[in-house]
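A.B. asks: Got a structure for you, upload.txt, holding compact mmCIF, C-alpha atoms and all ligand atoms.
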# COMPACT_ATOMS: atom_id res chain seq x y z
CA MET A 149 -1.73 42.97 -28.85
CA ALA A 150 0.46 45.03 -26.51
CA VAL A 151 -2.27 45.03 -23.86
CA ARG A 152 -2.67 41.28 -24.16
CA LEU A 153 1.08 40.69 -23.78
CA ARG A 154 1.23 42.88 -20.71
CA PHE A 155 -1.62 40.92 -19.16
CA VAL A 156 0.18 37.60 -19.75
CA LYS A 157 3.31 39.00 -18.15
CA LEU A 158 1.41 40.22 -15.09
CA LEU A 159 -0.18 36.83 -14.67
CA ALA A 160 3.27 35.29 -14.61
CA ILE A 161 4.36 37.77 -11.93
CA CYS A 162 1.52 37.02 -9.56
CA ALA A 163 2.39 33.33 -9.66
CA LEU A 164 5.71 34.10 -7.93
CA PRO A 165 6.21 33.85 -4.17
CA LEU A 166 5.51 37.14 -2.47
CA PRO A 167 7.52 38.88 0.25
CA ALA A 168 6.28 39.02 3.84
CA ALA A 169 4.04 42.02 4.38
CA THR A 170 4.25 44.77 6.98
CA PRO A 171 1.03 45.31 8.96
CA VAL A 172 -1.61 47.25 7.02
CA LEU A 173 -4.72 48.99 8.36
CA PHE A 174 -7.52 49.13 5.77
CA GLU A 175 -9.98 51.89 6.65
CA GLY A 176 -13.30 53.35 5.59
CA ALA A 177 -14.91 50.50 3.65
CA ARG A 178 -18.22 48.78 4.23
CA LEU A 179 -16.92 45.41 5.46
CA ILE A 180 -18.77 42.15 4.93
CA VAL A 181 -16.98 40.14 7.61
CA ASP A 182 -19.37 37.20 7.28
CA ALA A 183 -22.14 37.19 4.67
CA ARG A 184 -24.57 35.80 7.30
CA ARG A 185 -24.24 38.98 9.38
CA PRO A 186 -24.89 42.66 8.54
CA PRO A 187 -21.78 44.44 7.26
CA ILE A 188 -19.79 46.93 9.34
CA GLU A 189 -20.14 50.44 7.87
CA ASN A 190 -17.04 52.67 7.92
CA ALA A 191 -14.93 49.75 9.09
CA ALA A 192 -11.27 49.17 9.76
CA PHE A 193 -9.36 45.92 9.66
CA LEU A 194 -5.75 45.14 10.39
CA VAL A 195 -3.85 42.67 8.22
CA ASP A 196 -0.52 41.25 9.33
CA ASN A 197 1.50 38.38 7.96
CA GLY A 198 -1.26 37.45 5.53
CA ARG A 199 -4.01 37.26 8.14
CA ILE A 200 -6.85 39.37 9.45
CA VAL A 201 -5.78 40.42 12.95
CA ARG A 202 -8.47 42.86 14.13
CA VAL A 203 -11.80 44.03 12.79
CA GLY A 204 -14.08 46.86 13.91
CA ARG A 205 -15.29 50.41 13.30
CA LYS A 206 -12.82 52.93 11.89
CA GLY A 207 -11.01 54.58 14.80
CA ALA A 208 -11.72 51.68 17.15
CA VAL A 209 -9.20 49.16 15.79
CA LYS A 210 -5.85 49.27 17.54
CA ALA A 211 -2.87 49.18 15.19
CA PRO A 212 0.88 49.01 15.90
CA PRO A 213 2.94 52.20 15.45
CA GLY A 214 4.22 52.68 11.90
CA VAL A 215 1.42 50.63 10.39
CA ALA A 216 0.64 51.35 6.72
CA HIS A 217 -2.81 52.80 6.02
CA VAL A 218 -4.97 52.05 3.01
CA ASP A 219 -8.04 54.24 2.52
CA LEU A 220 -10.99 52.25 1.18
CA SER A 221 -13.66 54.94 1.69
CA GLY A 222 -16.66 54.32 -0.57
CA LYS A 223 -15.68 50.71 -1.24
CA THR A 224 -17.23 47.46 -0.07
CA VAL A 225 -14.99 44.58 1.03
CA MET A 226 -16.18 40.99 0.89
CA PRO A 227 -14.46 37.64 1.50
CA ALA A 228 -12.94 36.04 -1.60
CA LEU A 229 -15.13 33.41 -3.27
CA ILE A 230 -14.69 29.62 -3.42
CA ASP A 231 -15.73 27.65 -6.53
CA ALA A 232 -16.32 23.99 -5.67
CA HIS A 233 -16.84 22.71 -9.21
CA VAL A 234 -14.45 23.44 -12.06
CA HIS A 235 -12.53 21.47 -14.69
CA LEU A 236 -9.08 22.99 -14.97
CA GLY A 237 -6.55 22.62 -17.70
CA TYR A 238 -8.38 21.84 -20.92
CA GLN A 239 -8.84 25.19 -22.66
CA LYS A 240 -6.06 27.50 -23.74
CA ASP A 241 -7.14 30.33 -25.99
CA LEU A 242 -9.18 28.73 -28.81
CA VAL A 243 -7.89 25.19 -28.31
CA TYR A 244 -9.80 22.78 -26.07
CA SER A 245 -7.89 19.53 -25.49
CA ALA A 246 -6.17 17.37 -22.90
CA GLY A 247 -2.90 18.58 -24.43
CA ASN A 248 -3.45 21.88 -22.60
CA PHE A 249 -3.22 20.17 -19.20
CA THR A 250 0.21 21.67 -18.51
CA ARG A 251 1.80 23.34 -15.51
CA GLU A 252 1.91 26.67 -17.34
CA ASN A 253 -1.76 26.58 -18.33
CA LEU A 254 -2.97 25.45 -14.89
CA ILE A 255 -1.05 28.27 -13.20
CA ASP A 256 -2.39 30.77 -15.74
CA GLN A 257 -5.95 29.65 -14.95
CA LEU A 258 -5.39 29.76 -11.17
CA ASN A 259 -4.21 33.35 -11.64
CA ARG A 260 -7.31 34.25 -13.64
CA TYR A 261 -9.42 32.95 -10.75
CA ALA A 262 -7.40 35.10 -8.35
CA TYR A 263 -7.95 38.09 -10.66
CA CYS A 264 -11.73 37.59 -10.31
CA GLY A 265 -11.57 37.37 -6.51
CA ILE A 266 -11.77 33.57 -6.24
CA ALA A 267 -9.53 32.17 -3.50
CA ALA A 268 -9.88 28.44 -4.18
CA VAL A 269 -11.26 26.04 -6.77
CA LEU A 270 -12.03 22.33 -6.73
CA SER A 271 -11.26 20.56 -10.01
CA LEU A 272 -13.88 17.87 -10.15
CA GLY A 273 -12.70 14.52 -11.43
CA THR A 274 -11.03 15.35 -14.76
CA ASP A 275 -7.48 15.98 -13.58
CA LEU A 276 -4.57 14.25 -15.30
CA GLY A 277 -1.38 12.89 -13.74
CA ASP A 278 0.45 14.32 -10.74
CA LEU A 279 0.52 18.02 -11.67
CA PRO A 280 -2.53 18.98 -9.54
CA PHE A 281 -0.95 17.43 -6.45
CA GLU A 282 2.39 19.13 -7.15
CA LEU A 283 0.78 22.55 -7.60
CA ARG A 284 -1.35 22.08 -4.46
CA ALA A 285 1.81 21.22 -2.48
CA GLU A 286 3.68 24.24 -3.87
CA GLN A 287 0.82 26.48 -2.80
CA GLN A 288 0.77 24.91 0.65
CA SER A 289 4.47 25.64 1.09
CA GLY A 290 4.01 29.24 -0.10
CA LYS A 291 6.03 28.81 -3.30
CA LEU A 292 3.11 29.37 -5.65
CA GLY A 293 0.28 31.93 -5.65
CA GLY A 294 -3.08 32.06 -7.41
CA ALA A 295 -6.37 30.51 -6.33
CA LEU A 296 -5.78 27.43 -4.19
CA TYR A 297 -6.00 24.20 -6.18
CA ARG A 298 -8.13 21.41 -4.78
CA THR A 299 -8.58 18.20 -6.72
CA ALA A 300 -10.83 15.17 -6.97
CA GLY A 301 -8.18 13.48 -9.12
CA ARG A 302 -9.77 11.06 -11.57
CA GLY A 303 -13.49 10.50 -11.14
CA PHE A 304 -15.59 7.34 -11.51
CA ALA A 305 -18.27 6.31 -13.98
CA ALA A 306 -19.43 3.33 -16.01
CA PRO A 307 -16.98 2.71 -18.91
CA ASN A 308 -16.90 5.70 -21.25
CA ALA A 309 -19.75 7.33 -19.29
CA GLY A 310 -17.96 10.02 -17.31
CA PRO A 311 -17.71 13.61 -18.56
CA GLY A 312 -20.04 14.44 -21.44
CA THR A 313 -17.34 16.17 -23.47
CA PRO A 314 -15.14 13.85 -25.60
CA GLU A 315 -11.97 15.76 -24.66
CA LEU A 316 -12.58 15.01 -20.95
CA LYS A 317 -13.86 11.45 -21.20
CA ALA A 318 -10.57 9.59 -20.84
CA SER A 319 -9.86 11.32 -17.52
CA ALA A 320 -12.47 9.24 -15.64
CA TYR A 321 -12.14 5.63 -14.53
CA GLY A 322 -14.67 3.30 -16.15
CA VAL A 323 -15.56 0.69 -13.53
CA THR A 324 -17.58 -2.52 -13.90
CA THR A 325 -17.19 -4.40 -10.59
CA GLU A 326 -17.40 -3.40 -6.93
CA GLU A 327 -13.91 -4.80 -6.28
CA GLU A 328 -12.40 -2.71 -9.05
CA ALA A 329 -14.28 0.39 -7.92
CA ARG A 330 -13.15 -0.01 -4.30
CA ARG A 331 -9.54 -0.64 -5.33
CA LEU A 332 -9.43 2.48 -7.54
CA VAL A 333 -11.04 4.59 -4.81
CA ARG A 334 -8.16 3.50 -2.58
CA VAL A 335 -5.68 4.42 -5.35
CA GLU A 336 -7.13 7.95 -5.55
CA ILE A 337 -7.21 8.35 -1.77
CA ALA A 338 -3.57 7.22 -1.57
CA ARG A 339 -2.79 10.15 -3.90
CA HIS A 340 -4.51 12.42 -1.34
CA VAL A 341 -7.44 13.60 -3.42
CA ASP A 342 -9.65 16.13 -1.65
CA PHE A 343 -12.85 14.36 -2.82
CA ILE A 344 -14.04 11.45 -4.91
CA LYS A 345 -16.18 12.35 -7.94
CA ILE A 346 -18.77 10.11 -9.60
CA TRP A 347 -20.93 10.57 -12.70
CA VAL A 348 -24.43 9.06 -12.54
CA ASP A 349 -25.94 9.87 -15.93
CA ASP A 350 -26.80 7.99 -19.13
CA ARG A 351 -26.40 11.12 -21.27
CA ASN A 352 -29.89 10.89 -22.70
CA GLY A 353 -29.74 7.12 -23.10
CA THR A 354 -26.46 7.13 -25.03
CA VAL A 355 -24.21 5.56 -22.38
CA GLN A 356 -24.54 3.15 -19.48
CA LYS A 357 -25.27 4.71 -16.11
CA LEU A 358 -23.14 3.93 -13.05
CA SER A 359 -25.26 1.35 -11.18
CA PRO A 360 -26.49 1.82 -7.59
CA ALA A 361 -24.44 -1.21 -6.52
CA LEU A 362 -21.27 0.42 -7.87
CA TYR A 363 -21.88 3.90 -6.48
CA ARG A 364 -22.83 2.47 -3.10
CA ALA A 365 -19.49 0.61 -3.09
CA ILE A 366 -17.61 3.78 -4.09
CA ILE A 367 -19.34 5.89 -1.41
CA ASP A 368 -18.78 3.22 1.23
CA GLU A 369 -15.10 2.77 0.38
CA ALA A 370 -14.47 6.53 0.30
CA HIS A 371 -16.26 7.06 3.62
CA ARG A 372 -14.24 4.25 5.22
CA HIS A 373 -11.22 6.38 4.35
CA ARG A 374 -12.83 9.63 5.55
CA THR A 375 -13.17 11.00 2.03
CA ARG A 376 -16.37 12.56 0.76
CA VAL A 377 -18.05 11.87 -2.57
CA ILE A 378 -19.59 14.37 -4.98
CA ALA A 379 -22.00 13.22 -7.70
CA HIS A 380 -22.77 14.53 -11.12
CA VAL A 381 -26.51 13.85 -11.25
CA TYR A 382 -29.16 14.49 -13.89
CA TYR A 383 -32.30 12.46 -13.10
CA LEU A 384 -34.60 13.03 -10.13
CA ASP A 385 -34.81 9.32 -9.28
CA ASP A 386 -31.01 9.01 -9.18
CA ALA A 387 -30.77 12.03 -6.87
CA LYS A 388 -33.12 10.32 -4.40
CA GLU A 389 -31.19 7.06 -4.48
CA LEU A 390 -27.84 8.83 -4.16
CA ALA A 391 -29.08 10.78 -1.14
CA ARG A 392 -30.21 7.51 0.46
CA ALA A 393 -26.77 6.03 -0.36
CA GLY A 394 -25.03 8.76 1.63
CA ILE A 395 -23.70 11.01 -1.14
CA ASP A 396 -22.07 14.17 0.28
CA ALA A 397 -22.85 16.65 -2.48
CA PHE A 398 -24.54 17.15 -5.82
CA ALA A 399 -22.47 19.01 -8.40
CA HIS A 400 -25.69 19.95 -10.25
CA LEU A 401 -29.40 20.39 -9.75
CA VAL A 402 -31.66 17.67 -11.09
CA ARG A 403 -32.36 18.52 -14.72
CA ASP A 404 -34.91 16.04 -16.09
CA ARG A 405 -37.69 17.78 -14.14
CA GLU A 406 -38.40 20.06 -11.22
CA MET A 407 -37.21 18.69 -7.87
CA ASP A 408 -40.05 17.38 -5.72
CA GLY A 409 -40.71 17.42 -2.00
CA GLU A 410 -39.37 13.90 -1.52
CA VAL A 411 -35.92 14.64 -2.96
CA ILE A 412 -35.67 17.89 -1.00
CA ALA A 413 -36.58 16.05 2.21
CA LEU A 414 -33.92 13.41 1.46
CA ILE A 415 -31.30 16.09 0.74
CA LYS A 416 -32.15 17.79 4.05
CA GLN A 417 -32.23 14.54 5.99
CA HIS A 418 -28.79 13.46 4.69
CA ASN A 419 -27.32 16.99 4.81
CA VAL A 420 -26.27 16.86 1.16
CA LEU A 421 -24.65 20.02 -0.20
CA VAL A 422 -26.08 21.18 -3.54
CA MET A 423 -24.29 23.29 -6.12
CA PRO A 424 -26.97 24.89 -8.31
CA ASN A 425 -24.49 25.17 -11.19
CA ILE A 426 -27.03 26.99 -13.32
CA ALA A 427 -24.90 29.28 -15.51
CA ILE A 428 -23.98 26.42 -17.83
CA SER A 429 -27.71 25.70 -18.39
CA GLU A 430 -28.70 29.37 -18.55
CA ASN A 431 -26.30 29.73 -21.47
CA GLY A 432 -28.77 27.88 -23.66
CA VAL A 433 -31.81 30.11 -23.04
CA HIS A 434 -30.66 33.02 -25.18
CA ALA A 435 -31.45 33.37 -28.86
CA GLN A 436 -29.18 36.43 -29.07
CA PRO A 437 -25.78 37.16 -27.49
CA PRO A 438 -26.45 38.18 -23.85
CA ALA A 439 -25.30 41.51 -22.43
CA TRP A 440 -22.72 39.97 -20.10
CA LEU A 441 -20.52 39.23 -23.12
CA ASP A 442 -19.74 42.98 -23.03
CA ASP A 443 -18.77 43.04 -19.33
CA PRO A 444 -15.30 44.66 -19.13
CA LEU A 445 -14.28 42.10 -16.48
CA LEU A 446 -14.93 39.23 -18.93
CA HIS A 447 -12.73 40.99 -21.49
CA GLU A 448 -9.96 41.31 -18.90
CA VAL A 449 -9.88 37.60 -18.03
CA ALA A 450 -10.92 35.82 -21.23
CA PRO A 451 -9.18 35.90 -24.63
CA ALA A 452 -10.96 38.13 -27.15
CA ALA A 453 -10.98 35.36 -29.76
CA VAL A 454 -12.93 33.07 -27.41
CA ILE A 455 -15.46 35.80 -26.60
CA ASP A 456 -15.90 36.38 -30.34
CA ARG A 457 -16.44 32.68 -30.94
CA VAL A 458 -19.07 32.53 -28.19
CA ARG A 459 -20.79 35.60 -29.64
CA GLY A 460 -20.89 33.96 -33.07
CA SER A 461 -22.36 30.72 -31.67
CA TYR A 462 -25.78 32.28 -31.00
CA ALA A 463 -26.47 32.60 -34.73
CA ARG A 464 -26.52 28.79 -35.02
CA ARG A 465 -29.20 28.30 -32.34
CA THR A 466 -32.63 26.99 -33.32
CA PRO A 467 -35.89 28.24 -31.76
CA GLU A 468 -36.62 24.64 -30.66
CA GLY A 469 -33.26 24.33 -28.94
CA VAL A 470 -33.73 27.64 -27.14
CA ALA A 471 -37.28 26.71 -26.06
CA ARG A 472 -36.06 23.36 -24.70
CA ALA A 473 -33.28 25.07 -22.75
CA GLN A 474 -35.72 27.64 -21.37
CA LYS A 475 -38.03 24.93 -20.04
CA ILE A 476 -35.18 23.05 -18.33
CA TYR A 477 -33.87 26.30 -16.91
CA ARG A 478 -37.26 27.34 -15.49
CA ASP A 479 -37.49 23.96 -13.73
CA MET A 480 -34.00 24.49 -12.33
CA GLN A 481 -34.89 27.94 -11.02
CA ARG A 482 -37.97 26.54 -9.27
CA SER A 483 -35.87 23.70 -7.83
CA LEU A 484 -33.31 26.18 -6.52
CA ALA A 485 -36.00 28.34 -4.91
CA LYS A 486 -37.44 25.26 -3.16
CA LEU A 487 -34.04 24.06 -1.95
CA ASN A 488 -33.23 27.52 -0.62
CA ALA A 489 -36.61 27.85 1.10
CA ALA A 490 -36.06 24.44 2.72
CA GLY A 491 -32.71 25.59 4.15
CA VAL A 492 -30.60 23.11 2.17
CA ARG A 493 -26.83 23.73 2.22
CA ILE A 494 -26.08 25.48 -1.07
CA GLY A 495 -22.53 25.96 -2.41
CA LEU A 496 -21.00 27.66 -5.43
CA GLY A 497 -20.08 25.51 -8.42
CA THR A 498 -19.74 26.59 -12.04
CA ASP A 499 -18.48 23.66 -14.10
CA ASP A 500 -15.93 26.01 -15.73
CA GLY A 501 -14.02 24.18 -18.42
CA ALA A 502 -16.52 21.28 -18.65
CA ILE A 503 -17.26 22.23 -22.23
CA ARG A 504 -15.37 24.35 -24.74
CA ASP A 505 -15.70 28.12 -24.20
CA HIS A 506 -17.40 27.85 -20.79
CA PHE A 507 -15.36 30.68 -19.30
CA TYR A 508 -12.97 30.05 -16.43
CA ALA A 509 -13.27 32.38 -13.41
CA TYR A 510 -15.79 34.88 -14.83
CA THR A 511 -18.59 32.29 -14.74
CA ALA A 512 -18.53 32.32 -10.91
CA LEU A 513 -19.65 35.96 -10.92
CA ARG A 514 -22.38 35.23 -13.44
CA GLU A 515 -23.50 32.29 -11.30
CA LEU A 516 -23.98 34.65 -8.33
CA GLN A 517 -26.37 36.74 -10.41
CA LEU A 518 -28.30 33.67 -11.53
CA MET A 519 -28.62 32.38 -7.96
CA VAL A 520 -30.26 35.70 -7.05
CA ASP A 521 -32.49 35.47 -10.14
CA GLY A 522 -33.43 32.00 -8.86
CA GLY A 523 -34.81 33.41 -5.62
CA MET A 524 -31.83 33.60 -3.25
CA THR A 525 -31.05 36.93 -1.60
CA PRO A 526 -27.64 38.53 -2.32
CA ALA A 527 -26.59 37.70 1.27
CA GLN A 528 -27.66 34.06 0.88
CA THR A 529 -25.81 33.87 -2.43
CA LEU A 530 -22.61 35.33 -0.97
CA THR A 531 -22.95 32.97 2.01
CA ALA A 532 -23.11 30.02 -0.40
CA ALA A 533 -20.06 31.26 -2.34
CA THR A 534 -17.97 32.02 0.75
CA VAL A 535 -18.92 30.51 4.14
CA THR A 536 -20.63 27.33 2.91
CA SER A 537 -18.23 26.53 0.08
CA ALA A 538 -15.20 27.13 2.31
CA GLU A 539 -16.61 24.85 5.01
CA PHE A 540 -17.41 22.23 2.40
CA LEU A 541 -13.85 22.31 0.99
CA ARG A 542 -12.50 22.28 4.58
CA LEU A 543 -10.71 25.58 4.15
CA PRO A 544 -10.87 26.82 7.75
CA ASP A 545 -8.87 29.97 6.88
CA HIS A 546 -11.47 31.03 4.34
CA GLY A 547 -15.12 31.96 4.06
CA THR A 548 -15.23 34.97 6.40
CA LEU A 549 -12.96 37.89 7.36
CA ASP A 550 -13.03 37.24 11.10
CA PRO A 551 -9.75 37.72 13.01
CA GLY A 552 -7.43 34.77 12.44
CA LYS A 553 -8.64 34.08 8.90
CA SER A 554 -6.45 34.41 5.81
CA ALA A 555 -6.66 37.94 4.39
CA ASP A 556 -8.38 36.84 1.18
CA PHE A 557 -10.77 39.60 0.19
CA VAL A 558 -12.24 41.52 -2.71
CA VAL A 559 -12.52 45.32 -2.78
CA LEU A 560 -15.61 46.35 -4.75
CA ASP A 561 -16.67 49.74 -6.07
CA ALA A 562 -20.28 49.11 -5.02
CA ASN A 563 -22.24 47.01 -2.54
CA PRO A 564 -23.15 43.47 -3.70
CA LEU A 565 -25.76 43.21 -0.93
CA ASP A 566 -27.73 45.98 -2.72
CA ASN A 567 -27.27 44.42 -6.15
CA ILE A 568 -25.34 41.20 -6.69
CA ALA A 569 -24.15 42.52 -10.09
CA ASN A 570 -21.85 44.77 -8.06
CA ALA A 571 -19.73 41.69 -7.32
CA THR A 572 -18.24 42.17 -10.80
CA LYS A 573 -17.13 45.74 -9.99
CA ILE A 574 -13.78 44.62 -8.65
CA ALA A 575 -11.29 47.33 -7.70
CA GLN A 576 -8.70 45.12 -6.01
CA VAL A 577 -8.19 41.55 -4.87
CA TYR A 578 -6.02 40.48 -1.94
CA LEU A 579 -5.05 36.87 -1.37
CA ARG A 580 -3.08 35.88 1.74
CA GLY A 581 -2.69 39.58 2.52
CA GLN A 582 -1.03 40.42 -0.80
CA GLU A 583 -2.64 42.52 -3.48
CA ILE A 584 -3.07 40.71 -6.79
CA HIS A 585 -1.54 42.95 -9.42
CA ARG A 586 -4.53 43.31 -11.72
CA ARG A 587 -3.34 46.15 -14.00
ZN ZN A 601 -18.46 19.16 -13.94
In structure tokens, what does this structure look like?
Ligand SMILES: [Zn+2]

C.D. replies:
Amino acid sequence: MAVRLRFVKLLAICALPLPAATPVLFEGARLIVDARRPPIENAAFLVDNGRIVRVGRKGAVKAPPGVAHVDLSGKTVMPALIDAHVHLGYQKDLVYSAGNFTRENLIDQLNRYAYCGIAAVLSLGTDLGDLPFELRAEQQSGKLGGALYRTAGRGFAAPNAGPGTPELKASAYGVTTEEEARRLVRVEIARHVDFIKIWVDDRNGTVQKLSPALYRAIIDEAHRHRTRVIAHVYYLDDAKELARAGIDAFAHLVRDREMDGEVIALIKQHNVLVMPNIAISENGVHAQPPAWLDDPLLHEVAPAAVIDRVRGSYARRTPEGVARAQKIYRDMQRSLAKLNAAGVRIGLGTDDGAIRDHFYAYTALRELQLMVDGGMTPAQTLTAATVTSAEFLRLPDHGTLDPGKSADFVVLDANPLDNIANATKIAQVYLRGQEIHRR
């Protein structure tokens, strides 16, 4: 209990504004400046006023007199990650409900993301009220720390056909006419949402699907106002039609079958970003509790009672349910391998918080592992989670550690390019040049 209380207190501290830093020279680490390029061995980088100023080999980076030195010998430094698909605010300890969508809980979650080396998150269409916009503004003015909050406000679906989880359902608009859809898109854009979210899914025939006429109107109205649209998609045929309609991103892979050459060609042709979002589906393939439930990092960022509840849930699984999940998951892995081979833009999205006990923050690190299992290289996976996701969220200060960028980086005990599992071996996290107090 004492440990738990101390953790809560530390989280509160890192939400406070931080003092201006003196210049710091970090030396000796293997530095992944940009996941698309080979790392710099035995590197040095100078951080001043929250930004990367210079980068190079140790001994070759000029630093002002009196600069502080931090020795990172033996460590690997990578850019902080960006998660473009989460659902903030619904879970607090064992309780999963809209009643948890409070300032305190949102800030706590943003700090857990920071703790795991995640610099920004996009909450995708299930946000309530004005709090997300207030927190985003406080972060922009430097008054609030944690992972940067980006929001798609309230998303769009056919009536009662948005999020699959009952607790989230009321957050989405249910629209029935093009006029209504266009008007509500303008309402969300007037609130300065970062994206518009739509759900195109009939939840296995149980609800009405958003019609092509309605999603074309939503996409058209959003694009008229220079706002991009992200779709929850499930069926292959819908993915094709959405790509033709100009959708900007898919928050999921297709899940009714393996993606075919036609849909991949359409995704390429229309430059649609795809978030594989496979951890939430991979959850179902295990008949026994998986090993990652014992990862110390999970135990640092998730309440023990929730981990215990997840562990207990495996006993209720049926062999049929597990076999069904395994088939869907194998199709998804093949789809991901094809998309990657075709050079499709792939981003990081986890769907954290979309269902009860789908862990905030930690899931991003598990997703990296699953992307590698699905045929991406560690460098491609880190590129998706940093460069591509930062570009997609229009975070020009993020994604790489080139001079001029925000000093948002993760210090690891081992090299994630050798083994992506090393991305969980976090020694320190720095956001905007300030160390996140993790212990
Ligand atoms: Zn989602």

A.B. asks: Against ligand ZN 601 (chain A), which residues of chain A fall within 8 Å? For each one I want the closest pair of atoms and the distance in Å (one decimal), counting all atoms listed in the file, rows by chain and increasing residue number, as JSON lines.

C.D. replies:
{"residue": "A:His233", "atom": "CA", "partner": "A:ZN601", "partner_atom": "ZN", "distance": 6.1}
{"residue": "A:Val234", "atom": "CA", "partner": "A:ZN601", "partner_atom": "ZN", "distance": 6.2}
{"residue": "A:His235", "atom": "CA", "partner": "A:ZN601", "partner_atom": "ZN", "distance": 6.4}
{"residue": "A:Leu272", "atom": "CA", "partner": "A:ZN601", "partner_atom": "ZN", "distance": 6.1}
{"residue": "A:Gly273", "atom": "CA", "partner": "A:ZN601", "partner_atom": "ZN", "distance": 7.8}
{"residue": "A:Pro311", "atom": "CA", "partner": "A:ZN601", "partner_atom": "ZN", "distance": 7.3}
{"residue": "A:His380", "atom": "CA", "partner": "A:ZN601", "partner_atom": "ZN", "distance": 6.9}
{"residue": "A:Ala399", "atom": "CA", "partner": "A:ZN601", "partner_atom": "ZN", "distance": 6.8}
{"residue": "A:Thr498", "atom": "CA", "partner": "A:ZN601", "partner_atom": "ZN", "distance": 7.8}
{"residue": "A:Asp499", "atom": "CA", "partner": "A:ZN601", "partner_atom": "ZN", "distance": 4.5}
{"residue": "A:Asp500", "atom": "CA", "partner": "A:ZN601", "partner_atom": "ZN", "distance": 7.5}
{"residue": "A:Ala502", "atom": "CA", "partner": "A:ZN601", "partner_atom": "ZN", "distance": 5.5}

A.B. asks: How many Å separate atom CA of Asp408 of chain A from atom CA of Asn488 of chain A?

C.D. replies: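 Taking atom CA of Asp408 of chain A as the start and atom CA of Asn488 of chain A as the end point, the length is 13.2 Å.
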
A.B. asks: Leaving out Glu583 of chain A and any residue of its chain fewer than 3 positions from it, which residues lie within 10 Å of it when counting only C-alpha atoms, given as a ChimeraX atom specification?

C.D. replies: /A:162,166,263,555-558,576-580,586

A.B. asks: Name the residues in contact with Arg205 of chain A at a cut-off of 12 Å, using all atoms listed in the file, excluding same-chain residues fewer than 3 positions from it; report them as a list of chain:residue names.

C.D. replies: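 So the residues in contact are A:Leu173, A:Phe174, A:Glu175, A:Gly176, A:Ala177, A:Arg178, A:Leu179, A:Val181, A:Pro187, A:Ile188, A:Glu189, A:Asn190, A:Ala191, A:Ala192, A:Phe193, A:Leu194, A:Arg202, A:Ala208, A:Val209, A:Lys210.
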
A.B. asks: List every residue of segment 306-420 of chain A that has an atom at most 10 Å from any atom of segment 536-542 of chain A, giving for each one its closest atom pair and the distance in Å to one decimal, counting all atoms listed in the file, sorted by chain and then by ascending residue number, as JSON lines.

C.D. replies:
{"residue": "A:Asp342", "atom": "CA", "partner": "A:Leu541", "partner_atom": "CA", "distance": 7.9}
{"residue": "A:Phe343", "atom": "CA", "partner": "A:Leu541", "partner_atom": "CA", "distance": 8.9}
{"residue": "A:Arg376", "atom": "CA", "partner": "A:Phe540", "partner_atom": "CA", "distance": 9.9}
{"residue": "A:Asp396", "atom": "CA", "partner": "A:Phe540", "partner_atom": "CA", "distance": 9.5}
{"residue": "A:Ala397", "atom": "CA", "partner": "A:Phe540", "partner_atom": "CA", "distance": 9.2}

A.B. asks: Applying 10 Å and all atoms listed in the file, which residues near segment 314-326 of chain A remain after dropping the ones on its own chain fewer than 6 positions away? List them as number ranges by chain.

C.D. replies: A: 235, 238, 244-247, 273-277, 301-308, 332-333, 345-347, 358-359, 361-366, 369, 501-504
